[in-house]
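Contents: one structure, followed by commentary.
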Number of protein chains: 2
Amino acid sequence: VLLDRLARILPAQALLVGDAMDACQTGEAVGAHRPRFVLRPGSTEEVAACLAACDAARQPLVVHGGRTGLSGAHRVLEGEGVLSLERMVGLGPVDPGTATVPASAGTTLQAVQEAADAAGFVFGVDIGARGTATIGGNVATNAGGIRVLRHGMFRAQVAGLEAVLADGSVLDGLRGLVKDNSGYDLNQLFIGSEGTLGVVTRVLLRLHPKPVAEANALVAVPSFRSAIDLMARLRAAVGEALSAIELLTPEVFDGAIDLLGQPRPVAARALFYVLAEVQAMRADDTSARFEACLMAALEDGEALDAALSQSPREFHALWALRHACGDVVRARGTAAVGGDLSLPIGRMEDFLRAARRSLFALDPATEFLVFGHLGDGNLHYVVATAEGPAAMERIHHLAALHGGSVSAEHGIGLDKKPWLHLTRSDAEIATMRRLKAALDPNAILNRGRIFDPIPVPAT
Amino acid sequence: VLLDRLARILPAQALLVGDAMDACQTGEAVGAHRPRFVLRPGSTEEVAACLAACDAARQPLVVHGGRTGLSGAHRVLEGEGVLSLERMVGLGPVDPGTATVPASAGTTLQAVQEAADAAGFVFGVDIGARGTATIGGNVATNAGGIRVLRHGMFRAQVAGLEAVLADGSVLDGLRGLVKDNSGYDLNQLFIGSEGTLGVVTRVLLRLHPKPVAEANALVAVPSFRSAIDLMARLRAAVGEALSAIELLTPEVFDGAIDLLGQPRPVAARALFYVLAEVQAMRADDTSARFEACLMAALEDGEALDAALSQSPREFHALWALRHACGDVVRARGTAAVGGDLSLPIGRMEDFLRAARRSLFALDPATEFLVFGHLGDGNLHYVVATAEGPAAMERIHHLAALHGGSVSAEHGIGLDKKPWLHLTRSDAEIATMRRLKAALDPNAILNRGRIFDPIPVPAT
């Protein structure tokens with residue numbers, strides 16, 4: 001009956017069942033379970049009608065964007081249908097006056113970046129999965145990445161959005177006014193709630209002016225403290241022009257060098273490597289200050305070696321090393337496990353020491369493939385060990401013990417649920433459940449992601 | 001019974017009834033109704049216990065900060081008790097590493113500004129009521145003001161907060177991590193929801209580096225189009241250093257001159273006056289660019305006259321003119337009515353023309369005391385007219401017709417409720433009600449603010 005109703009809502013190619021689902025490979029690609037069906041609506045109205053039909057039939061759905069999430073929220077659970085936004089693709093014109101661009105949810109992040117670039121702007125978020133990850137998924141997971149230091153998380157890029165609730169209600173929050181205190185800011189609810197409160201269908205995105213000059217450098221530092229000191233020096237020297245500051249440990253740095261077949265940008269072997277970037281918003285002395293600051297750090301022994309990019313090619317080669325970190329980890333397969341940890345910057349050093357000690361005690365053969373966004377206190381704390389599950393327990397408990405969060409930017413999804421209670425109180429989790437019950441009372445949307453569903457009493 | 005329970009929770013001076021309430025003047029100062037009692041808890045625990053007791057007794061409460069709101073949310077309605085945060089005052093130490101400061105909800109905005117200044121930072125929000133308005137109220141109303149262009153609304157200043165739900169649950173969201181995607185960002189719910197979803201008790205506030213130089217200028221421009229053009233020129237010349245750009249119409253400008261007894265900073269009589277400010281974050285040519293840009297505008301006839309401040313005294317005198325606008329309006333008493341309108345900047349000119357025509361048609365004696373935050377599309381659209389109620393209708397309908405909102409920064413409270421439906425859809429208002437019912441099922445917190453309560457069926 002539900003499938004009949006859905007067939008009346010959607011054109012033929014937009015409702016897939018049985019073998020037809022194999023063409024979009026949803027089942028194999030993302031989880032052990034085969035979905036009951038795949039819905040591929042092409043408009044907000046179709047999304048709303050599909051949701052209303054599924055809600056009436058108590059049919060659970062998993063919402064799919066680019067399926068690049070790193071916490072497993074897109075994995076198909078038993079009995080679920082798939083709602084894919086893949087046909088809702090496209091960008092409106094960039095408005096130079098307000099520096100915004102409207103995007104449909106299924107548009108890739110890269111398409112937004114390219115449209116911004118063509119119009120003389122930049123988009124504020126960049127992540128490795130840019131070619132596949134979609135704007136709807138980026139909003140749903142409040143994506144982060146390498147320029148949070150300069151532009152903030154994805155939440156800060158959203159000037160407005162349209163979302164559909166489980167019952168098919170359409171919330172049009174696309175007005176895009178700079179200020180609007182007319183009642184609750186409902187848009188905030190859908191950012192970072194991982195598709196559990198509604199389906200994001202359209203987004204009005206903020207753009208930023210293009211920098212007139214940029215520079216980066218790879219710096220070998222003798223200790224974590226030196227990395228923190230270098231960040232403070234750079235902030236003092238160039239202020240807000242410091243646009244990224246990333247951290248790599250030797251194992252992942254060497255792995256990236258090997259993977260790319262690049263020459264080593266710095267000769268020194270060090271305990272940590274820092275990739276720093278500055279962006280000047282007008283013709284000024286930012287690059288000179290950046291270079292002078294690095295020179296001073298070298299003279300003081302706070303930096304062991306530094307490679308300052310001298311050309312666009314070198315600039316991109318340094319970033320390529322950083323972007324290869326994810327591939328280094330993936331190449332280790334299931335031997336590599338890790339957390340996406342957020343820590344108070346002032347407690348990162350203690351955490352690193354405690355975690356290293358704890359994991360070596362667990363498995364003396366542990367390899368540390370740690371990298372991340374130093375300026376945000378965000379570590380992708382990856383280790384290769386035969387003691388994966390126990391290591392994950394220790395990593396997450398130690399992060400919480402040091403005032404951190406068990407998810408900085410990857411979300412909770414299905415995979416991080418065991419540790420949510422470490423950083424969110426019972427009262428907070430109970431409040432999340434209340435919001436879920438208020439907006440999706442039949443729990444049809446991404447059920448069981450972030451927290452377990454409240455058991456429905458048998459009737 | 002409820003009063004007995006409250007008396008066991010609070011010390012003697014913290015629970016006022018009868019004539020004792022006169023000392024804090026809550027009744028007279030803010031509304032026609034005398035509250036049933038005044039609660040003045042001194043800690044989060046006391047707030048939680050008071051709320052749990054009132055919730056159990058279905059006792060509605062109005063939450064009081066500095067009672068400076070401009071939409072009447074703090075007015076006492078029949079049968080309400082007052083929950084005042086006035087005893088929850090104080091700031092923790094400024095943390096220079098994270099550039100944050102913790103504040104209790106009853107702390108004044110000015111106290112935060114002064115603590116930031118003493119520690120070498122600035123706080124990002126400034127409003128006229130700074131000496132009385134409290135941080136809790138600022139959060140609850142998502143306050144705006146004169147530096148939104150540079151630092152965003154109050155939402156952007158909140159690194160973390162603690163809130164208490166109607167049932168006494170305490171949500172501790174004070175961790176203050178740069179990134180935290182571990183479940184829903186509950187803090188966002190309490191910002192701008194005008195005390196209807198919970199009581200904010202503590203806030204971790206973001207601070208900003210102090211500018212090393214600042215300058216401002218008062219510019220007389222021949223048309224609204226020239227004001228917009230001047231803003232675009234300044235943005236092109238100084239970029240993000242443009243920290244404020246305010247608009248005044250002649251009536252309110254002349255009124256401010258008279259009120260302050262200041263000499264006129266510019267000789268020219270013009271249709272609009274613009275107050276522009278730049279802040280340089282390091283020693284550079286920002287001030288020179290600012291001056292050159294104003295000179296070019298004068299030469300091109302886009303500006304008729306300009307007064308560039310040459311000393312701190314002149315700098316503050318120009319701002320004093322802008323800050324006096326509120327007093328000019330208040331001096332007109334009930335003859336002055338107005339809206340706090342948000343408009344797409346590209347449609348402001350059309351709105352101004354349409355509103356002027358419509359209001360003159362209604363009352364040829366209408367005086368226009370319009371001022372506001374040009375860079376944010378935010379007009380405090382005040383008129384003096386004998387046709388107040390009809391003028392308010394026209395103003396708000398025209399704002400909505402031009403894609404605007406009926407509240408930019410003042411909120412909806414009690415006074416703007418008649419126009420909420422002009423800018424928020426039935427689906428949006430229904431969703432707000434769902435959230436209200438989820439977090440405050442007995443509707444004890446600021447009941448009837450923003451939207452009418454859902455009638456409780458008689459039992």
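Chain labels follow the order of the structure tokens: the first chain is A, the next B, and so on; residue numbering restarts at 1 in every chain, and ligands are counted from 1 in their shown order.
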
Closest contacts (chain A/chain B, max 7 Å, only C-alpha atoms) as a tab-separated table:
residue	atom	partner	partner_atom	distance
A:Ser169	CA	B:Ala427	CA	6.3
A:Val170	CA	B:Ala427	CA	6.8
A:Leu171	CA	B:Glu428	CA	5.9
A:Leu177	CA	B:Pro344	CA	6.1
A:Val178	CA	B:Asp376	CA	5.6
A:Lys179	CA	B:Ala408	CA	4.9
A:Asp180	CA	B:Ala408	CA	4.5
A:Asn181	CA	B:Gly411	CA	5.0
A:Ser182	CA	B:Ser407	CA	5.0
A:Gly183	CA	B:Ile450	CA	6.0
A:Tyr184	CA	B:Ser193	CA	5.3
A:Gln188	CA	B:Gln188	CA	6.6
A:Gly192	CA	B:Tyr184	CA	6.3
A:Ser193	CA	B:Tyr184	CA	5.3
A:Ser342	CA	B:Lys179	CA	6.2
A:Leu343	CA	B:Leu177	CA	6.7
A:Pro344	CA	B:Leu177	CA	6.1
A:Asp376	CA	B:Val178	CA	5.6
A:Ser405	CA	B:Asp180	CA	6.2
A:Val406	CA	B:Ser182	CA	6.5
A:Ser407	CA	B:Ser182	CA	5.1
A:Ala408	CA	B:Asp180	CA	4.5
A:Glu409	CA	B:Asn181	CA	5.3
A:His410	CA	B:Asn181	CA	6.8
A:Gly411	CA	B:Asn181	CA	5.0
A:Ile412	CA	B:Ser182	CA	5.8
A:Leu420	CA	B:Ser182	CA	6.6
A:Ala427	CA	B:Leu171	CA	6.2
A:Glu428	CA	B:Leu171	CA	5.9
A:Met432	CA	B:Tyr184	CA	6.5
A:Arg434	CA	B:Ala438	CA	5.8
A:Leu435	CA	B:Ala438	CA	6.4
A:Ala438	CA	B:Arg434	CA	5.8
A:Ile450	CA	B:Gly183	CA	6.1

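The residues of stretch 335-422 of chain A that DSSP classifies as strand (DSSP E or B), using the backbone of this structure, are Ala336, Val337, Gly338, Gly339, Asp340, Leu341, Ser342, Glu367, Phe368, Phe371, Gly372, His373, Asn378, Leu379, His380, Tyr381, Val382, Val383, Ala384, Ser405 and Ser407 of chain A.
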
statement: atom CA of A:Pro93 sits from atom CA of A:Arg202 at a separation of 13.8 Å

message: So, with only C-alpha atoms as the atoms that count, which of A:Phe224, A:Ala331, A:Ala217, A:Ala256 lies closest to A:Asp305?
response: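 Closest to A:Asp305, using only C-alpha atoms: A:Ala217.
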
message: Just want the 12 Å neighbourhood of B:Ala386, counted on only C-alpha atoms, with same-chain residues fewer than 5 positions away dropped. Output as number ranges by chain.
response: B: 332-337, 359-360, 362-367, 391-392

query: Which polymer residues have any atom within 12 Å of an atom of A:Ala270, counting only C-alpha atoms, with same-chain residues fewer than 2 positions away left out, as a ChimeraX atom specification?
result: /A:218-224,226-227,248-251,253-254,266-268,272-274,302-306

task: List every residue of stretch 273-345 of chain A that DSSP, applied to the backbone of this structure, places in alpha helix (DSSP H), and write the result as a ChimeraX atom specification.
output: /A:286-299,312-323,325-331

message: Ranking B:Leu271, B:Leu401, B:Leu234, B:Leu15 by minimum distance to B:Ala354 and counting only C-alpha atoms, which one comes first?
response: B:Leu401

- prompt: What's the 8 Å shell around stretch 317-319 of chain A, counting only C-alpha atoms, without same-chain residues fewer than 2 positions away, as an MDAnalysis selection string?
  reply: chainID A and resid 216:218 265 275 309 313:315 321:323

- prompt: What does the distance between atom CA of A:Gly42 and atom CA of A:Arg75 come to in Å, to one decimal place?
  reply: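 These atoms are spaced 22.3 Å apart.
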
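Distance annotation: of A:Ser84, A:Gln13, A:Ser43, A:Asn138, the residue with the minimal separation from A:Leu70 is A:Asn138; atom set is only C-alpha atoms.
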
field: Å distance separating atom CA of B:Ala443 from atom CA of B:Asp167, one decimal place
entry: 10.5 Å

message: Using only C-alpha atoms for the distances, tell me which of A:Asp19, A:Glu349, A:Asp55, A:Asp258 is nearest to A:Pro35.
response: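 For A:Pro35, the nearest of the given residues is A:Asp19.
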
statement: Residue with the minimum atom-to-atom distance to A:Leu207, picked from A:Ala276, A:Ala105, A:Val94, A:Leu259 with only C-alpha atoms counted, is A:Val94

- request: Skip stretch 120-135 of chain A itself and residues of its chain fewer than 4 positions away, then list as number ranges by chain all residues within 7 Å of it, counting only C-alpha atoms.
  value: A: 65-68, 105-110, 113, 116, 139, 144-147, 151, 154, 157, 207-210, 323
